[in-house]
Structures are given as C-alpha cells and as structure tokens.
>>> print(open('structure11.pdb').read())   # PDB, C-alpha atoms and all ligand atoms
ATOM      1  CA  MET A 526       0.000   0.000   0.000  1.00  0.00           C
ATOM      2  CA  ILE A 527       2.669   2.494   1.091  1.00  0.00           C
ATOM      3  CA  GLU A 528       6.404   2.008   1.068  1.00  0.00           C
ATOM      4  CA  ALA A 529       9.007   4.651   1.883  1.00  0.00           C
ATOM      5  CA  GLN A 530      12.737   4.073   1.781  1.00  0.00           C
ATOM      6  CA  ASP A 531      15.142   6.658   3.087  1.00  0.00           C
ATOM      7  CA  VAL A 532      12.780   9.504   2.179  1.00  0.00           C
ATOM      8  CA  CYS A 533      13.837  13.101   2.846  1.00  0.00           C
ATOM      9  CA  LEU A 534      11.894  16.302   2.227  1.00  0.00           C
ATOM     10  CA  ARG A 535      13.634  19.642   2.067  1.00  0.00           C
ATOM     11  CA  TYR A 536      11.445  22.687   1.414  1.00  0.00           C
ATOM     12  CA  ALA A 537      12.562  25.429  -0.979  1.00  0.00           C
ATOM     13  CA  ASP A 538      13.773  27.628   1.922  1.00  0.00           C
ATOM     14  CA  GLY A 539      16.118  24.858   3.050  1.00  0.00           C
ATOM     15  CA  THR A 540      13.990  23.528   5.937  1.00  0.00           C
ATOM     16  CA  MET A 541      14.632  19.807   6.320  1.00  0.00           C
ATOM     17  CA  ALA A 542      11.080  18.695   7.198  1.00  0.00           C
ATOM     18  CA  LEU A 543      11.637  14.934   6.913  1.00  0.00           C
ATOM     19  CA  ASN A 544      14.806  12.891   7.299  1.00  0.00           C
ATOM     20  CA  ASN A 545      15.475   9.303   6.238  1.00  0.00           C
ATOM     21  CA  ILE A 546      11.918   8.057   6.594  1.00  0.00           C
ATOM     22  CA  ASP A 547      11.417   4.290   6.217  1.00  0.00           C
ATOM     23  CA  LEU A 548       7.839   3.129   6.318  1.00  0.00           C
ATOM     24  CA  GLN A 549       5.649   0.246   5.334  1.00  0.00           C
ATOM     25  CA  ILE A 550       1.880   0.432   5.644  1.00  0.00           C
ATOM     26  CA  ASP A 551      -0.387  -2.419   4.588  1.00  0.00           C
ATOM     27  CA  PRO A 552      -3.940  -2.324   3.170  1.00  0.00           C
ATOM     28  CA  GLY A 553      -6.581  -1.880   5.850  1.00  0.00           C
ATOM     29  CA  GLU A 554      -4.152  -0.561   8.468  1.00  0.00           C
ATOM     30  CA  MET A 555      -5.153   2.212  10.858  1.00  0.00           C
ATOM     31  CA  VAL A 556      -2.140   4.408  11.474  1.00  0.00           C
ATOM     32  CA  TYR A 557      -1.806   7.329  13.873  1.00  0.00           C
ATOM     33  CA  ILE A 558       1.043   9.752  13.267  1.00  0.00           C
ATOM     34  CA  ILE A 559       1.845  11.617  16.440  1.00  0.00           C
ATOM     35  CA  GLY A 560       4.490  14.182  17.330  1.00  0.00           C
ATOM     36  CA  HIS A 561       5.030  17.735  18.522  1.00  0.00           C
ATOM     37  CA  SER A 562       4.072  20.775  16.486  1.00  0.00           C
ATOM     38  CA  GLY A 563       6.555  21.186  13.627  1.00  0.00           C
ATOM     39  CA  SER A 564       7.798  17.603  13.844  1.00  0.00           C
ATOM     40  CA  GLY A 565       6.820  16.803  10.243  1.00  0.00           C
ATOM     41  CA  LYS A 566       3.397  15.111  10.447  1.00  0.00           C
ATOM     42  CA  THR A 567       1.663  17.269   7.817  1.00  0.00           C
ATOM     43  CA  SER A 568       4.729  17.124   5.579  1.00  0.00           C
ATOM     44  CA  LEU A 569       4.535  13.330   5.638  1.00  0.00           C
ATOM     45  CA  LEU A 570       0.851  13.416   4.644  1.00  0.00           C
ATOM     46  CA  LYS A 571       1.660  15.897   1.859  1.00  0.00           C
ATOM     47  CA  LEU A 572       4.211  13.459   0.448  1.00  0.00           C
ATOM     48  CA  LEU A 573       1.650  10.638   0.568  1.00  0.00           C
ATOM     49  CA  MET A 574      -0.879  12.846  -1.227  1.00  0.00           C
ATOM     50  CA  GLY A 575       1.623  13.954  -3.878  1.00  0.00           C
ATOM     51  CA  MET A 576       1.394  17.597  -2.782  1.00  0.00           C
ATOM     52  CA  GLU A 577       5.167  17.514  -2.241  1.00  0.00           C
ATOM     53  CA  TYR A 578       7.770  15.144  -3.658  1.00  0.00           C
ATOM     54  CA  PRO A 579      10.651  13.489  -1.803  1.00  0.00           C
ATOM     55  CA  THR A 580      13.902  15.372  -2.257  1.00  0.00           C
ATOM     56  CA  SER A 581      15.620  12.005  -2.006  1.00  0.00           C
ATOM     57  CA  GLY A 582      14.688   8.387  -1.335  1.00  0.00           C
ATOM     58  CA  THR A 583      11.824   6.411  -2.857  1.00  0.00           C
ATOM     59  CA  LEU A 584       8.150   6.547  -2.009  1.00  0.00           C
ATOM     60  CA  THR A 585       5.381   4.394  -3.470  1.00  0.00           C
ATOM     61  CA  VAL A 586       1.679   4.882  -2.729  1.00  0.00           C
ATOM     62  CA  LEU A 587      -0.778   2.295  -4.056  1.00  0.00           C
ATOM     63  CA  GLU A 588       1.990   1.104  -6.392  1.00  0.00           C
ATOM     64  CA  GLN A 589       2.457   4.609  -7.769  1.00  0.00           C
ATOM     65  CA  PRO A 590       5.983   6.040  -7.512  1.00  0.00           C
ATOM     66  CA  MET A 591       5.690   9.516  -6.002  1.00  0.00           C
ATOM     67  CA  ARG A 592       8.038  11.522  -8.208  1.00  0.00           C
ATOM     68  CA  GLU A 593       7.666  14.811  -9.993  1.00  0.00           C
ATOM     69  CA  ASP A 594       7.914  13.158 -13.416  1.00  0.00           C
ATOM     70  CA  GLN A 595       4.823  11.094 -12.477  1.00  0.00           C
ATOM     71  CA  ALA A 596       2.586  14.142 -11.859  1.00  0.00           C
ATOM     72  CA  MET A 597      -0.087  13.028 -14.372  1.00  0.00           C
ATOM     73  CA  ASN A 598      -0.371   9.554 -12.847  1.00  0.00           C
ATOM     74  CA  ILE A 599      -0.397  11.012  -9.347  1.00  0.00           C
ATOM     75  CA  ARG A 600      -3.415  13.140 -10.286  1.00  0.00           C
ATOM     76  CA  ARG A 601      -5.208   9.907 -11.209  1.00  0.00           C
ATOM     77  CA  LEU A 602      -4.018   8.258  -7.988  1.00  0.00           C
ATOM     78  CA  ARG A 603      -5.732  11.010  -5.967  1.00  0.00           C
ATOM     79  CA  ARG A 604      -9.121   9.597  -7.001  1.00  0.00           C
ATOM     80  CA  MET A 605      -8.342   6.669  -4.707  1.00  0.00           C
ATOM     81  CA  ILE A 606      -7.440   8.938  -1.811  1.00  0.00           C
ATOM     82  CA  GLY A 607      -9.820  10.691   0.561  1.00  0.00           C
ATOM     83  CA  PRO A 608      -8.022  13.720   1.978  1.00  0.00           C
ATOM     84  CA  VAL A 609      -9.058  15.605   5.104  1.00  0.00           C
ATOM     85  CA  PHE A 610      -6.676  18.523   5.419  1.00  0.00           C
ATOM     86  CA  GLN A 611      -6.708  21.374   7.893  1.00  0.00           C
ATOM     87  CA  GLU A 612      -8.082  23.831   5.352  1.00  0.00           C
ATOM     88  CA  PHE A 613     -11.286  21.957   4.522  1.00  0.00           C
ATOM     89  CA  LYS A 614     -11.751  23.470   1.050  1.00  0.00           C
ATOM     90  CA  LEU A 615     -15.539  23.400   1.311  1.00  0.00           C
ATOM     91  CA  ILE A 616     -17.359  25.317  -1.409  1.00  0.00           C
ATOM     92  CA  LYS A 617     -19.248  28.280   0.004  1.00  0.00           C
ATOM     93  CA  GLY A 618     -22.800  28.849  -1.216  1.00  0.00           C
ATOM     94  CA  ARG A 619     -23.324  25.074  -1.421  1.00  0.00           C
ATOM     95  CA  THR A 620     -24.988  22.906   1.174  1.00  0.00           C
ATOM     96  CA  ALA A 621     -23.220  20.284   3.252  1.00  0.00           C
ATOM     97  CA  MET A 622     -24.820  17.595   1.070  1.00  0.00           C
ATOM     98  CA  GLU A 623     -23.727  19.298  -2.159  1.00  0.00           C
ATOM     99  CA  ASN A 624     -20.182  19.574  -0.844  1.00  0.00           C
ATOM    100  CA  VAL A 625     -20.066  15.863  -0.082  1.00  0.00           C
ATOM    101  CA  MET A 626     -21.544  15.038  -3.496  1.00  0.00           C
ATOM    102  CA  LEU A 627     -19.148  17.312  -5.418  1.00  0.00           C
ATOM    103  CA  GLY A 628     -16.187  15.098  -4.719  1.00  0.00           C
ATOM    104  CA  MET A 629     -18.096  12.033  -5.918  1.00  0.00           C
ATOM    105  CA  ARG A 630     -19.133  13.261  -9.362  1.00  0.00           C
ATOM    106  CA  PHE A 631     -15.627  12.740 -10.717  1.00  0.00           C
ATOM    107  CA  LEU A 632     -15.479   9.128  -9.564  1.00  0.00           C
ATOM    108  CA  ASP A 633     -16.910   5.936 -10.973  1.00  0.00           C
ATOM    109  CA  ILE A 634     -19.951   6.105  -8.722  1.00  0.00           C
ATOM    110  CA  HIS A 635     -23.363   5.609 -10.310  1.00  0.00           C
ATOM    111  CA  PRO A 636     -25.312   8.919 -10.229  1.00  0.00           C
ATOM    112  CA  ASN A 637     -28.287   7.208  -8.564  1.00  0.00           C
ATOM    113  CA  THR A 638     -26.199   6.131  -5.630  1.00  0.00           C
ATOM    114  CA  ILE A 639     -24.295   9.406  -5.186  1.00  0.00           C
ATOM    115  CA  LYS A 640     -27.092  11.067  -3.193  1.00  0.00           C
ATOM    116  CA  GLU A 641     -27.662   8.020  -1.030  1.00  0.00           C
ATOM    117  CA  ASP A 642     -23.950   7.512  -0.320  1.00  0.00           C
ATOM    118  CA  ALA A 643     -23.515  11.215   0.457  1.00  0.00           C
ATOM    119  CA  MET A 644     -26.390  11.149   2.947  1.00  0.00           C
ATOM    120  CA  ASN A 645     -25.044   7.956   4.540  1.00  0.00           C
ATOM    121  CA  ALA A 646     -21.679   9.662   5.009  1.00  0.00           C
ATOM    122  CA  LEU A 647     -23.374  12.653   6.662  1.00  0.00           C
ATOM    123  CA  ILE A 648     -25.292  10.271   8.928  1.00  0.00           C
ATOM    124  CA  LYS A 649     -22.003   8.586   9.887  1.00  0.00           C
ATOM    125  CA  VAL A 650     -20.543  11.908  11.045  1.00  0.00           C
ATOM    126  CA  GLY A 651     -23.793  12.866  12.806  1.00  0.00           C
ATOM    127  CA  LEU A 652     -24.717  15.711  10.476  1.00  0.00           C
ATOM    128  CA  GLU A 653     -27.817  14.528   8.644  1.00  0.00           C
ATOM    129  CA  HIS A 654     -29.792  17.406  10.218  1.00  0.00           C
ATOM    130  CA  LYS A 655     -27.422  19.885   8.534  1.00  0.00           C
ATOM    131  CA  ALA A 656     -27.480  18.249   5.096  1.00  0.00           C
ATOM    132  CA  LEU A 657     -29.321  21.205   3.536  1.00  0.00           C
ATOM    133  CA  SER A 658     -27.462  23.964   5.384  1.00  0.00           C
ATOM    134  CA  PRO A 659     -25.041  26.118   3.387  1.00  0.00           C
ATOM    135  CA  VAL A 660     -21.570  25.336   4.677  1.00  0.00           C
ATOM    136  CA  GLU A 661     -20.893  28.957   5.653  1.00  0.00           C
ATOM    137  CA  ASN A 662     -23.607  28.570   8.324  1.00  0.00           C
ATOM    138  CA  LEU A 663     -21.841  25.628   9.941  1.00  0.00           C
ATOM    139  CA  SER A 664     -19.554  25.768  12.944  1.00  0.00           C
ATOM    140  CA  TRP A 665     -15.862  24.963  12.591  1.00  0.00           C
ATOM    141  CA  GLY A 666     -16.323  21.467  14.019  1.00  0.00           C
ATOM    142  CA  GLU A 667     -19.339  20.812  11.771  1.00  0.00           C
ATOM    143  CA  SER A 668     -17.346  21.944   8.725  1.00  0.00           C
ATOM    144  CA  GLN A 669     -14.638  19.523   9.771  1.00  0.00           C
ATOM    145  CA  ARG A 670     -17.183  16.724   9.907  1.00  0.00           C
ATOM    146  CA  VAL A 671     -18.472  17.640   6.411  1.00  0.00           C
ATOM    147  CA  ALA A 672     -14.880  17.384   5.157  1.00  0.00           C
ATOM    148  CA  ILE A 673     -14.612  13.946   6.761  1.00  0.00           C
ATOM    149  CA  ALA A 674     -17.962  12.881   5.242  1.00  0.00           C
ATOM    150  CA  ARG A 675     -16.726  14.062   1.843  1.00  0.00           C
ATOM    151  CA  ALA A 676     -13.608  11.891   2.166  1.00  0.00           C
ATOM    152  CA  VAL A 677     -15.491   8.836   3.472  1.00  0.00           C
ATOM    153  CA  ALA A 678     -18.274   9.018   0.857  1.00  0.00           C
ATOM    154  CA  ARG A 679     -15.770   8.529  -1.938  1.00  0.00           C
ATOM    155  CA  LYS A 680     -15.006   5.062  -0.561  1.00  0.00           C
ATOM    156  CA  PRO A 681     -11.304   5.610  -1.109  1.00  0.00           C
ATOM    157  CA  ALA A 682      -8.586   2.991  -0.747  1.00  0.00           C
ATOM    158  CA  LEU A 683      -6.657   5.428   1.442  1.00  0.00           C
ATOM    159  CA  ILE A 684      -7.795   8.187   3.790  1.00  0.00           C
ATOM    160  CA  LEU A 685      -5.258  10.826   4.783  1.00  0.00           C
ATOM    161  CA  ALA A 686      -6.527  12.956   7.632  1.00  0.00           C
ATOM    162  CA  ASP A 687      -4.568  15.835   9.146  1.00  0.00           C
ATOM    163  CA  GLU A 688      -5.793  16.461  12.702  1.00  0.00           C
ATOM    164  CA  PRO A 689      -9.375  15.346  11.942  1.00  0.00           C
ATOM    165  CA  THR A 690     -10.302  15.663  15.610  1.00  0.00           C
ATOM    166  CA  GLY A 691      -8.559  18.989  16.135  1.00  0.00           C
ATOM    167  CA  ASN A 692     -11.580  21.208  16.690  1.00  0.00           C
ATOM    168  CA  LEU A 693     -14.047  18.701  18.029  1.00  0.00           C
ATOM    169  CA  ASP A 694     -15.222  18.077  21.559  1.00  0.00           C
ATOM    170  CA  THR A 695     -14.217  14.741  23.091  1.00  0.00           C
ATOM    171  CA  ASP A 696     -17.454  12.917  22.180  1.00  0.00           C
ATOM    172  CA  ASN A 697     -17.362  14.005  18.548  1.00  0.00           C
ATOM    173  CA  ALA A 698     -13.619  13.371  18.342  1.00  0.00           C
ATOM    174  CA  LEU A 699     -14.084   9.823  19.610  1.00  0.00           C
ATOM    175  CA  ASN A 700     -16.969   9.289  17.165  1.00  0.00           C
ATOM    176  CA  ILE A 701     -14.775  10.378  14.278  1.00  0.00           C
ATOM    177  CA  LEU A 702     -11.950   8.086  15.373  1.00  0.00           C
ATOM    178  CA  GLU A 703     -14.429   5.199  15.714  1.00  0.00           C
ATOM    179  CA  LEU A 704     -15.788   5.952  12.255  1.00  0.00           C
ATOM    180  CA  LEU A 705     -12.312   6.064  10.719  1.00  0.00           C
ATOM    181  CA  THR A 706     -11.298   2.888  12.543  1.00  0.00           C
ATOM    182  CA  ALA A 707     -14.389   1.072  11.245  1.00  0.00           C
ATOM    183  CA  LEU A 708     -13.261   1.741   7.653  1.00  0.00           C
ATOM    184  CA  LYS A 709     -10.630  -0.891   8.287  1.00  0.00           C
ATOM    185  CA  ASP A 710     -13.382  -3.471   7.746  1.00  0.00           C
ATOM    186  CA  GLU A 711     -13.788  -2.156   4.182  1.00  0.00           C
ATOM    187  CA  ASN A 712     -10.016  -2.590   3.728  1.00  0.00           C
ATOM    188  CA  THR A 713      -9.525   1.166   3.620  1.00  0.00           C
ATOM    189  CA  THR A 714      -6.154   2.270   4.936  1.00  0.00           C
ATOM    190  CA  VAL A 715      -6.507   5.230   7.263  1.00  0.00           C
ATOM    191  CA  ILE A 716      -3.646   7.522   8.252  1.00  0.00           C
ATOM    192  CA  VAL A 717      -4.418  10.153  10.831  1.00  0.00           C
ATOM    193  CA  THR A 718      -2.164  12.780  12.344  1.00  0.00           C
ATOM    194  CA  THR A 719      -3.127  13.865  15.806  1.00  0.00           C
ATOM    195  CA  HIS A 720      -2.001  15.712  18.913  1.00  0.00           C
ATOM    196  CA  ALA A 721      -4.798  14.046  20.838  1.00  0.00           C
ATOM    197  CA  THR A 722      -2.824  11.106  22.160  1.00  0.00           C
ATOM    198  CA  HIS A 723      -5.202  10.872  25.136  1.00  0.00           C
ATOM    199  CA  LEU A 724      -7.975   9.903  22.685  1.00  0.00           C
ATOM    200  CA  ILE A 725      -6.012   7.067  21.138  1.00  0.00           C
ATOM    201  CA  ASP A 726      -4.434   5.723  24.321  1.00  0.00           C
ATOM    202  CA  ASN A 727      -7.197   3.201  24.804  1.00  0.00           C
ATOM    203  CA  LYS A 728      -7.424   2.150  21.159  1.00  0.00           C
ATOM    204  CA  SER A 729      -6.701  -1.552  20.947  1.00  0.00           C
ATOM    205  CA  HIS A 730      -5.849  -1.563  17.281  1.00  0.00           C
ATOM    206  CA  GLY A 731      -3.802   0.641  15.044  1.00  0.00           C
ATOM    207  CA  LYS A 732      -0.189   1.462  14.473  1.00  0.00           C
ATOM    208  CA  LEU A 733       1.385   4.442  16.189  1.00  0.00           C
ATOM    209  CA  ILE A 734       4.156   6.292  14.410  1.00  0.00           C
ATOM    210  CA  GLN A 735       5.887   8.991  16.386  1.00  0.00           C
ATOM    211  CA  VAL A 736       7.716  11.703  14.463  1.00  0.00           C
ATOM    212  CA  ASP A 737      10.317  13.921  16.065  1.00  0.00           C
ATOM    213  CA  GLY A 738      12.435  16.490  14.222  1.00  0.00           C
ATOM    214  CA  GLY A 739      11.436  14.981  10.861  1.00  0.00           C
ATOM    215  CA  ARG A 740      12.450  11.456  11.859  1.00  0.00           C
ATOM    216  CA  ILE A 741      10.390   8.461  12.858  1.00  0.00           C
ATOM    217  CA  CYS A 742      11.555   7.924  16.402  1.00  0.00           C
ATOM    218  CA  CYS A 743       9.167   5.211  17.460  1.00  0.00           C
ATOM    219  CA  GLU A 744       6.760   2.817  15.763  1.00  0.00           C
ATOM    220  CA  ARG A 745       4.554   0.426  17.657  1.00  0.00           C
ATOM    221  CA  LEU A 746       1.207  -1.284  17.592  1.00  0.00           C
ATOM    222  CA  GLY A 747      -1.419   0.607  19.590  1.00  0.00           C
TER
HETATM  223  N1  LIG B 801       6.029  25.096   2.770  1.00  0.00           N
HETATM  224  C1  LIG B 801       6.990  25.069   3.717  1.00  0.00           C
HETATM  225  N2  LIG B 801       8.150  25.718   3.505  1.00  0.00           N
HETATM  226  C2  LIG B 801       9.142  25.699   4.427  1.00  0.00           C
HETATM  227  N3  LIG B 801       9.045  25.053   5.606  1.00  0.00           N
HETATM  228  C3  LIG B 801       7.905  24.392   5.864  1.00  0.00           C
HETATM  229  C4  LIG B 801       6.813  24.375   4.941  1.00  0.00           C
HETATM  230  N4  LIG B 801       5.806  23.642   5.482  1.00  0.00           N
HETATM  231  C5  LIG B 801       6.256  23.233   6.679  1.00  0.00           C
HETATM  232  N5  LIG B 801       7.508  23.673   6.915  1.00  0.00           N
HETATM  233  C6  LIG B 801       8.351  23.403   8.079  1.00  0.00           C
HETATM  234  O1  LIG B 801       8.599  21.992   8.121  1.00  0.00           O
HETATM  235  C7  LIG B 801       8.590  21.518   9.455  1.00  0.00           C
HETATM  236  C8  LIG B 801       7.503  20.435   9.607  1.00  0.00           C
HETATM  237  O2  LIG B 801       6.249  21.072   9.437  1.00  0.00           O
HETATM  238  P1  LIG B 801       4.879  20.244   9.463  1.00  0.00           P
HETATM  239  O3  LIG B 801       3.790  21.169   9.046  1.00  0.00           O
HETATM  240  O4  LIG B 801       5.057  19.002   8.693  1.00  0.00           O
HETATM  241  O5  LIG B 801       4.780  19.904  11.023  1.00  0.00           O
HETATM  242  P2  LIG B 801       3.570  19.261  11.856  1.00  0.00           P
HETATM  243  O6  LIG B 801       4.169  18.171  12.675  1.00  0.00           O
HETATM  244  O7  LIG B 801       2.445  18.897  10.952  1.00  0.00           O
HETATM  245  O8  LIG B 801       3.169  20.490  12.770  1.00  0.00           O
HETATM  246  P3  LIG B 801       1.724  20.880  13.428  1.00  0.00           P
HETATM  247  O9  LIG B 801       1.415  19.795  14.418  1.00  0.00           O
HETATM  248  O10 LIG B 801       2.024  22.179  14.093  1.00  0.00           O
HETATM  249  O11 LIG B 801       0.730  20.971  12.308  1.00  0.00           O
HETATM  250  C9  LIG B 801       8.369  22.737  10.342  1.00  0.00           C
HETATM  251  O12 LIG B 801       9.634  23.200  10.743  1.00  0.00           O
HETATM  252  C10 LIG B 801       7.703  23.737   9.412  1.00  0.00           C
HETATM  253  O13 LIG B 801       7.988  25.066   9.810  1.00  0.00           O
END
>>> encode(input="structure11.pdb", output="structure tokens")
Amino acid sequence: MIEAQDVCLRYADGTMALNNIDLQIDPGEMVYIIGHSGSGKTSLLKLLMGMEYPTSGTLTVLEQPMREDQAMNIRRLRRMIGPVFQEFKLIKGRTAMENVMLGMRFLDIHPNTIKEDAMNALIKVGLEHKALSPVENLSWGESQRVAIARAVARKPALILADEPTGNLDTDNALNILELLTALKDENTTVIVTTHATHLIDNKSHGKLIQVDGGRICCERLG
C-alpha cells in the first residue's frame, strides 16, 4: 500500500522537514502519526498525497511512484485517496450535502447512488440534520465533519486525515476516530495525524508512528 525508503523532504527555503523516513503500511491498516508541532506530520501526509515530492529516497503509494515526473499519474491516484486537510476546502454557497456530493461526481460512482452515499456519510458523522445547510452557516467542528464525510463518501482505498479531531469536543472526536477505525473493515487504509494522544491511548488496534524532528523515532502497535 505504502512504502518509503530513506525519504527526505527539504522545502525550498532549506527547511529539512523529513529525514530518512522508512515506512511500510499495509492495506486496511489504521495508522496514527503523532508528534510535537513542527515535527513533520503534515509534511509526511503531503508526500503521501503527492502535494510535495521526496527530495531524495523512494516513495510508493498504491503502487504509484511519487516523483515529480509522475505528476499526471499522481493526479489519477488522488481519485483513490480521501483527503481531510486542515483547510477543509468546502465550497461556500453550497450545502453540506452538495459539498459531499461534489467530490463524488468525478469518480466511478453511479449517479443514482451518489445522493444516497452522500447522505449515509453525513449520517455517519452525525450531520444529517445539517445536510441542507449552506456550509458557511456551519460551525468549525461541523465543517470539519463535512470534510470527513466528503472523504469517506468517496469510498477511497486510502484516507489521509490531518488532525481530523482537532476542533471537536471529546465525544465528537471519539466518534470520528471510531468511524475512521471502522473503515478498516472495508479494507480502507486510514492515516491520521493527531495531537490528541489521550484519545487514542485506549485504542486496541492501530499502528502508532511517532515523528520527532522529521524522523520516525518510534513505531509500535497501539
Ligand atoms: N512550505 C513550507 N516551507 C518551508 N518550511 C515548511 C513548509 N511547510 C512546513 N515547513 C516546516 O517543516 C517543518 C515540519 O512542518 P509540518 O507542518 O510538517 O509539522 P507538523 O508536525 O504537521 O506540525 P503541526 O502539528 O504544528 O501541524 C516545520 O519546521 C515547518 O515550519
């Protein structure tokens, strides 16, 4: 599913965000990436999404080499990825439901099932009562849940979520983690960055990857 060998990422200003990353993630794995602010968690997700390319080393996601000369293929690869990034990129003037559906129109999902799948995703994140609300009327946490519904509804092979519980109260945060964990049963690989280690302490399954100063300093089963 994902294989990284000796991957480094240096940004244009010279910042070494990731150093010598080795990683193997299998289909259906639930992976939490933890670490202090600035340790490199988002940078790692950006590499996996093809928003940045390794400066050195090799990275493969769903059998796709992540290199600049593969940009066209990486665009296609993104159809198999459900991203939840910190800027939710919801379309203003559209309802929560329309936002969830927008991402699905470009996929091989039958038009008749798009509406049903979108509503099911909103139900999963507890937002069915806001389905017809324009997204600009939603709270920050609700917008976050719409972004998660949009990713889940696409039934992707891989979900990449950057702090998906960041602005949620404990109950909603736990619900979202439960929801993401359950995707394992559909063989979806889920990679989540989080500061909320107290929420994942009692999780019996999942792999924990701790990043420190751009290096993986610890990897263990949760
Ligand atoms: N576009 C960029 N250009 C230069 N440096 C960057 C860029 N994006 C991130 N960095 C730097 O790379 C390092 C890792 O940043 P990253 O955003 O991956 O950390 P993080 O662990 O996700 O942090 P946080 O938990 O605060 O979101 C930091 O030193 C950051 O300042």
>>> residues_near_point(input="structure11.pdb", point="(-17.6, 14.9, 19.3)", cutoff="12 Å", atoms="only C-alpha atoms", output="PDB file with C-alpha atoms, in the frame of the given file")
ATOM      1  CA  VAL A 650     -20.543  11.908  11.045  1.00  0.00           C
ATOM      2  CA  GLY A 651     -23.793  12.866  12.806  1.00  0.00           C
ATOM      3  CA  LEU A 652     -24.717  15.711  10.476  1.00  0.00           C
ATOM      4  CA  GLY A 666     -16.323  21.467  14.019  1.00  0.00           C
ATOM      5  CA  GLU A 667     -19.339  20.812  11.771  1.00  0.00           C
ATOM      6  CA  GLN A 669     -14.638  19.523   9.771  1.00  0.00           C
ATOM      7  CA  ARG A 670     -17.183  16.724   9.907  1.00  0.00           C
ATOM      8  CA  PRO A 689      -9.375  15.346  11.942  1.00  0.00           C
ATOM      9  CA  THR A 690     -10.302  15.663  15.610  1.00  0.00           C
ATOM     10  CA  GLY A 691      -8.559  18.989  16.135  1.00  0.00           C
ATOM     11  CA  ASN A 692     -11.580  21.208  16.690  1.00  0.00           C
ATOM     12  CA  LEU A 693     -14.047  18.701  18.029  1.00  0.00           C
ATOM     13  CA  ASP A 694     -15.222  18.077  21.559  1.00  0.00           C
ATOM     14  CA  THR A 695     -14.217  14.741  23.091  1.00  0.00           C
ATOM     15  CA  ASP A 696     -17.454  12.917  22.180  1.00  0.00           C
ATOM     16  CA  ASN A 697     -17.362  14.005  18.548  1.00  0.00           C
ATOM     17  CA  ALA A 698     -13.619  13.371  18.342  1.00  0.00           C
ATOM     18  CA  LEU A 699     -14.084   9.823  19.610  1.00  0.00           C
ATOM     19  CA  ASN A 700     -16.969   9.289  17.165  1.00  0.00           C
ATOM     20  CA  ILE A 701     -14.775  10.378  14.278  1.00  0.00           C
ATOM     21  CA  LEU A 702     -11.950   8.086  15.373  1.00  0.00           C
ATOM     22  CA  GLU A 703     -14.429   5.199  15.714  1.00  0.00           C
ATOM     23  CA  LEU A 704     -15.788   5.952  12.255  1.00  0.00           C
ATOM     24  CA  LEU A 724      -7.975   9.903  22.685  1.00  0.00           C
TER      25      LEU A 724
END
>>> residues_around(input="structure11.pdb", residues="range 621-630 of chain A", least_positions_apart="4", cutoff="7 Å", atoms="all atoms listed in the file", output="PyMOL selection string")
chain A and resi 615-616+634+639-640+643-644+655-660+671+674-675+679
>>> residues_near_ligand(input="structure11.pdb", ligand="ligand LIG 801 (chain B)", cutoff="6 Å", atoms="all atoms listed in the file", output="count of residues only")
12
>>> resolve_selection(input="structure11.pdb", expression="the PyMOL selection byres (((chain A and resi 711) around 10) and not hetatm)", output="PyMOL selection string")
chain A and resi 552-553+680-682+707-710+712-714
>>> residues_around(input="structure11.pdb", residues="Glu577 in chain A", least_positions_apart="5", cutoff="9 Å", atoms="all atoms listed in the file", output="list in words")
Leu534, Tyr536, Ser568, Leu569, Lys571, Leu572, Met591, Arg592 and Glu593 of chain A
>>> axis_aligned_box(input="structure11.pdb", around="range 638-645 of chain A", padding_each_side="5 Å", output="AutoDock Vina command-line options")
--center_x -25.6 --center_y 8.7 --center_z -0.5 --size_x 14.1 --size_y 15.1 --size_z 20.2
>>> residues_near_point(input="structure11.pdb", point="(-6.9, 21.9, 7.7)", cutoff="10 Å", atoms="only C-alpha atoms", output="list in words")
Thr567, Val609, Phe610, Gln611, Glu612, Phe613, Lys614, Gln669, Ala672, Ala686, Asp687, Glu688, Pro689 and Gly691 of chain A
>>> atom_distance(input="structure11.pdb", atom1="CA of Ala646 in chain A", atom2="CA of Met574 in chain A")
21.9 Å
>>> atom_distance(input="structure11.pdb", atom1="CA of Asn645 in chain A", atom2="CA of Ala678 in chain A")
7.8 Å
>>> resolve_selection(input="structure11.pdb", expression="the PyMOL selection byres (((chain A and resi 742-745) around 10) and not hetatm)", output="JSON, numbers by chain")
{"A": [546, 548, 556, 557, 558, 559, 560, 731, 732, 733, 734, 735, 736, 737, 738, 739, 740, 741, 746, 747]}
